[in-house]
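Have a look at the structure below before the remarks.
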Amino acid sequence: AGGQAARLDFLGRHRVAAIDATYSSCTPDDTGQYAWVLEASGVKLDFENNEGVATGAVLRFYGVPILGAPALSFPVSEARKSGWLPPSVNLDSRSGFELAVPYYWNIAPQLDVTLTPGIATRRGAFLGSELRYLTSAHAGELQFDLMPEDRSAGQARHLLHLQHRGALPLQGRYRWTHTRASDDDYWKDFERNIPSLTPRLLASDARADWGGAGRWQAYARVQRWQVLQDLDAPIDAPYARMPQLGMLRS
């Protein structure tokens, strides 16, 4: 990380204040240009607490301003830092004007959460959440989006998406993906929330494998589907695996 400024004030061993400064934690490309650059009338860097605070700030991406704010807080190293993230804005004919402001919570080195409260003018308030975790034998991500009362639909709406993977005895491994929506119309109203290439087909898929490359591999798999139907364009559900057992040469 680095930058330049019209003036620097050293406030101790771990703190620096800069006037009319530019700052970037990116590595420059072959032309010497930085992808992300923060310009500010004033910047205070606290290396002991891994925090930088910029006032009169403008964030630029390859020279294009994408965010301006009276004050911005950011980490001064590669370590993660809890705090508010830039807001997202969306406008469409179903939800109206939508504003969401995510908050990132760095709970532990192997555990973090992003909470995204927001409001849509035609529907109401909502909360998005993403949990990520990592241990020596297991890892996963959990996404849960909730709208307690959708004024347009007259009901609560939600989406659950889980990805979990880990190790089993005898050098085995497993993975589980589970996605479910509250109602058939969810894919129409909140398609961008669904982490699937087929938003009307939501899978629950669990698989375990034993073996490796160059030898026999045994596996067991269970798979079922939630089909979000449309009366004007119904679709058939794919075959379920209940369960599937097999062995193959890898």
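Labels for the structure tokens follow display order: chains A, B, ..., residues from 1 in each chain, ligands from 1.
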
Shell of 12 Å around A:Asp189, only C-alpha atoms, local chain residues under 6 positions omitted, as number ranges by chain: A: 92-96, 120, 122-123, 147, 150, 152-153, 157-159, 181-183, 199-200

Contact residues around A:Leu99 with only C-alpha atoms at 6 Å, ignoring same-chain residues under 6 positions, as a PyMOL selection string: chain A and resi 88-89+118-119

Interatomic distance, atom CA of A:Arg175 to atom CA of A:Gln163 (Å, one decimal):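 Between atom CA of A:Arg175 and atom CA of A:Gln163 the gap works out to 7.4 Å.
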
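The environment of stretch 207-216 of chain A within 10 Å, counting only C-alpha atoms and disregarding residues fewer than 3 places along the same chain, consists of A:Arg165, A:Gly166, A:Ala167, A:Leu168, A:Pro169, A:Leu170, A:Gln171, A:Gly172, A:Arg173, A:Tyr174, A:Arg175, A:Trp176, A:Thr177, A:Tyr219, A:Ala220, A:Arg221, A:Val222, A:Gln223, A:Pro243, A:Gln244, A:Leu245, A:Gly246, A:Met247, A:Leu248, A:Arg249, A:Ser250.
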
Between stretch 132-199 of chain A and stretch 104-117 of chain A, at 6 Å or less, what are the per-residue closest atom pairs and their distances in Å? Count only C-alpha atoms, order by chain and rising residue number, and return it as CSV.
```
residue,atom,partner,partner_atom,distance
A:Arg132,CA,A:Asp112,CA,5.5
A:Tyr133,CA,A:Leu111,CA,4.6
A:Leu134,CA,A:Gln110,CA,5.0
```
